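*Asks:* Before I ask anything, let me first share the structure, which is written out below as structure tokens.
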Amino acid sequence: MSTTIQYVVVRGDLLKSMGWPVGAVIAQACHACTAVIHLYYNDSDTQKYLDDLDNMHKVVLEATDENSLNSLHNSLEENEIKHKLWIEQPENVPTCLVTKPYPKETVQKYFKKFKLFKQ
């Protein structure tokens with residue numbers, strides 16, 4: 001049985017060089033997770049993921065900067081991997097990207113170059 005997983009990719013430079021508070025960065029990930037579940041709510045993988053709330057699998061990874069996040073976004077778009085790129089307003093700053101839930105083997109390859117997010 002395959003694991004259904006959701007990938008969350010947050011920009012590390014928001015904390016490290018731009019001085020964002022940790023809570024603000026976590027809020028970006030929360031916004032993106034909520035948005036992608038809403039956008040793909042009727043998707044069968046999303047429903048499978050939501051059917052077992054106590055056993056959800058998320059992997060939180062770090063993009064080094066805006067270019068890295070945008071490059072991932074473009075790659076996922078080209079390969080028709082459904083996701084949400086969260087752009088904080090009114091600053092218009094891309095901060096986080098989250099996939100809809102997928103079987104791990106379907107999407108894992110797109111995230112191999114990213115490291116686990118840590119402060």
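Each chain of the structure tokens is named A, B, ... in the order shown, its residues numbered from 1; ligands are numbered from 1 in display order.
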Can you pull out the residues contacting Asn74 (chain A)? Cut-off 12 Å, using only C-alpha atoms, and skip same-chain residues under 4 positions away; I want them as a list in words.
*Replies:* Asn67, Ser68, Leu69, Asn70, Glu78, Asn79, Glu80, Ile81, Lys82, His83, Lys84, Leu85, Leu97 and Tyr110 of chain A
*Asks:* For the residues in that selection, give me N, CA, C and O atoms as a short mmCIF file (atom, residue, chain, number, x, y, z; two decimals), in the first residue's frame.
*Replies:*
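Contents of the output file out_38.cif:
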data_model
loop_
_atom_site.label_atom_id
_atom_site.label_comp_id
_atom_site.auth_asym_id
_atom_site.auth_seq_id
_atom_site.Cartn_x
_atom_site.Cartn_y
_atom_site.Cartn_z
N ASN A 67 14.20 32.12 -6.18
CA ASN A 67 14.50 31.46 -7.46
C ASN A 67 14.33 29.95 -7.37
O ASN A 67 13.80 29.31 -8.28
N SER A 68 14.80 29.37 -6.28
CA SER A 68 14.69 27.93 -6.07
C SER A 68 13.22 27.51 -5.99
O SER A 68 12.81 26.50 -6.58
N LEU A 69 12.41 28.29 -5.27
CA LEU A 69 10.99 27.99 -5.14
C LEU A 69 10.28 28.13 -6.49
O LEU A 69 9.47 27.28 -6.88
N ASN A 70 10.60 29.19 -7.22
CA ASN A 70 9.98 29.39 -8.54
C ASN A 70 10.39 28.32 -9.53
O ASN A 70 9.59 27.89 -10.36
N GLU A 78 5.16 22.05 -15.37
CA GLU A 78 5.50 21.35 -16.61
C GLU A 78 5.10 19.88 -16.55
O GLU A 78 4.76 19.27 -17.57
N ASN A 79 5.15 19.30 -15.36
CA ASN A 79 4.84 17.88 -15.18
C ASN A 79 3.44 17.62 -14.65
O ASN A 79 3.12 16.50 -14.26
N GLU A 80 2.63 18.67 -14.64
CA GLU A 80 1.22 18.59 -14.24
C GLU A 80 1.03 18.02 -12.84
O GLU A 80 0.09 17.26 -12.57
N ILE A 81 1.93 18.42 -11.92
CA ILE A 81 1.81 18.06 -10.51
C ILE A 81 1.05 19.20 -9.84
O ILE A 81 1.51 20.34 -9.81
N LYS A 82 -0.11 18.88 -9.30
CA LYS A 82 -0.98 19.91 -8.74
C LYS A 82 -0.44 20.39 -7.40
O LYS A 82 -0.08 19.60 -6.53
N HIS A 83 -0.41 21.70 -7.26
CA HIS A 83 0.17 22.33 -6.08
C HIS A 83 -0.34 23.76 -5.96
O HIS A 83 -1.02 24.26 -6.85
N LYS A 84 0.04 24.39 -4.87
CA LYS A 84 -0.27 25.80 -4.66
C LYS A 84 1.02 26.52 -4.30
O LYS A 84 1.70 26.15 -3.34
N LEU A 85 1.35 27.54 -5.07
CA LEU A 85 2.45 28.43 -4.74
C LEU A 85 1.82 29.58 -3.96
O LEU A 85 0.99 30.32 -4.51
N LEU A 97 5.39 26.58 -1.13
CA LEU A 97 4.73 25.77 -2.15
C LEU A 97 4.31 24.46 -1.49
O LEU A 97 5.09 23.86 -0.75
N TYR A 110 10.62 14.88 -7.50
CA TYR A 110 10.70 16.33 -7.70
C TYR A 110 11.31 17.05 -6.50
O TYR A 110 11.67 18.23 -6.61
#
*Asks:* Compare A:Ala32, A:Leu116, A:Gln6, A:Gln89 by their minimum atom-to-atom distance to Asn55 (chain A), counting only C-alpha atoms, and give me the closest one.
*Replies:*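 Closest to Asn55 (chain A) of all the choices is A:Gln6.
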*Asks:* Mind checking DSSP for region 8-115 of chain A and telling me the alpha helix (DSSP H) residues as a PyMOL selection string?
*Replies:* chain A and resi 13-16+22-39+44-50+66-78+104-107
*Asks:* Write down as a PDB file with C-alpha atoms, in the first residue's frame the residues belonging to chain A that are assigned strand (DSSP E) by DSSP computed on the backbone.
*Replies:*
ATOM      1  CA  THR A   4      -0.158   9.367   0.522  1.00  0.00           C
ATOM      2  CA  ILE A   5       2.030  12.380   1.216  1.00  0.00           C
ATOM      3  CA  GLN A   6       1.982  16.132   0.996  1.00  0.00           C
ATOM      4  CA  TYR A   7       5.165  18.099   0.331  1.00  0.00           C
ATOM      5  CA  VAL A   8       5.565  21.539   1.901  1.00  0.00           C
ATOM      6  CA  VAL A   9       8.479  23.656   0.656  1.00  0.00           C
ATOM      7  CA  VAL A  10       9.269  26.859   2.547  1.00  0.00           C
ATOM      8  CA  ARG A  11      11.858  29.495   1.669  1.00  0.00           C
ATOM      9  CA  LYS A  58       3.783  15.755   5.359  1.00  0.00           C
ATOM     10  CA  VAL A  59       7.409  16.444   4.540  1.00  0.00           C
ATOM     11  CA  VAL A  60       8.552  20.019   5.161  1.00  0.00           C
ATOM     12  CA  LEU A  61      11.504  20.994   3.006  1.00  0.00           C
ATOM     13  CA  GLU A  62      13.541  24.137   2.460  1.00  0.00           C
ATOM     14  CA  ALA A  63      14.000  26.099  -0.739  1.00  0.00           C
ATOM     15  CA  HIS A  83       0.168  22.326  -6.078  1.00  0.00           C
ATOM     16  CA  LYS A  84      -0.269  25.804  -4.662  1.00  0.00           C
ATOM     17  CA  LEU A  85       2.450  28.431  -4.741  1.00  0.00           C
ATOM     18  CA  TRP A  86       1.597  30.761  -1.865  1.00  0.00           C
ATOM     19  CA  ILE A  87       2.312  34.403  -2.642  1.00  0.00           C
ATOM     20  CA  GLU A  88       2.073  36.657   0.391  1.00  0.00           C
ATOM     21  CA  VAL A  93       6.363  37.585  -2.301  1.00  0.00           C
ATOM     22  CA  PRO A  94       6.333  33.832  -3.094  1.00  0.00           C
ATOM     23  CA  THR A  95       6.929  32.171   0.276  1.00  0.00           C
ATOM     24  CA  CYS A  96       5.825  28.542   0.191  1.00  0.00           C
ATOM     25  CA  LEU A  97       4.726  25.769  -2.146  1.00  0.00           C
ATOM     26  CA  VAL A  98       2.565  22.797  -1.185  1.00  0.00           C
ATOM     27  CA  THR A  99       1.475  19.835  -3.296  1.00  0.00           C
ATOM     28  CA  TYR A 102      -0.197  12.310  -3.811  1.00  0.00           C
ATOM     29  CA  PRO A 103       1.081   8.750  -3.615  1.00  0.00           C
ATOM     30  CA  LYS A 115      16.763  19.340   2.454  1.00  0.00           C
ATOM     31  CA  LEU A 116      14.482  19.112   5.454  1.00  0.00           C
TER      32      LEU A 116
END
*Asks:* Might you pull out every residue within 7 Å of Asp45 (chain A), with only C-alpha atoms counted and same-chain residues fewer than 3 positions away left off, and present them as a ChimeraX atom specification?
*Replies:* /A:48-49,101-102
*Asks:* Which of these, A:Gln47, A:Thr3, A:Ser75, A:Asn92, has the shortest distance to Lys109 (chain A) once you count only C-alpha atoms?
*Replies:*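 When distances to Lys109 (chain A) are compared using only C-alpha atoms, the smallest one comes from A:Ser75.
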*Asks:* I'd like the interatomic distance between CA of His38 (chain A) and CA of Lys100 (chain A), to a tenth of an Å.
*Replies:*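 Value for the CA of His38 (chain A)-CA of Lys100 (chain A) distance: 9.5 Å.
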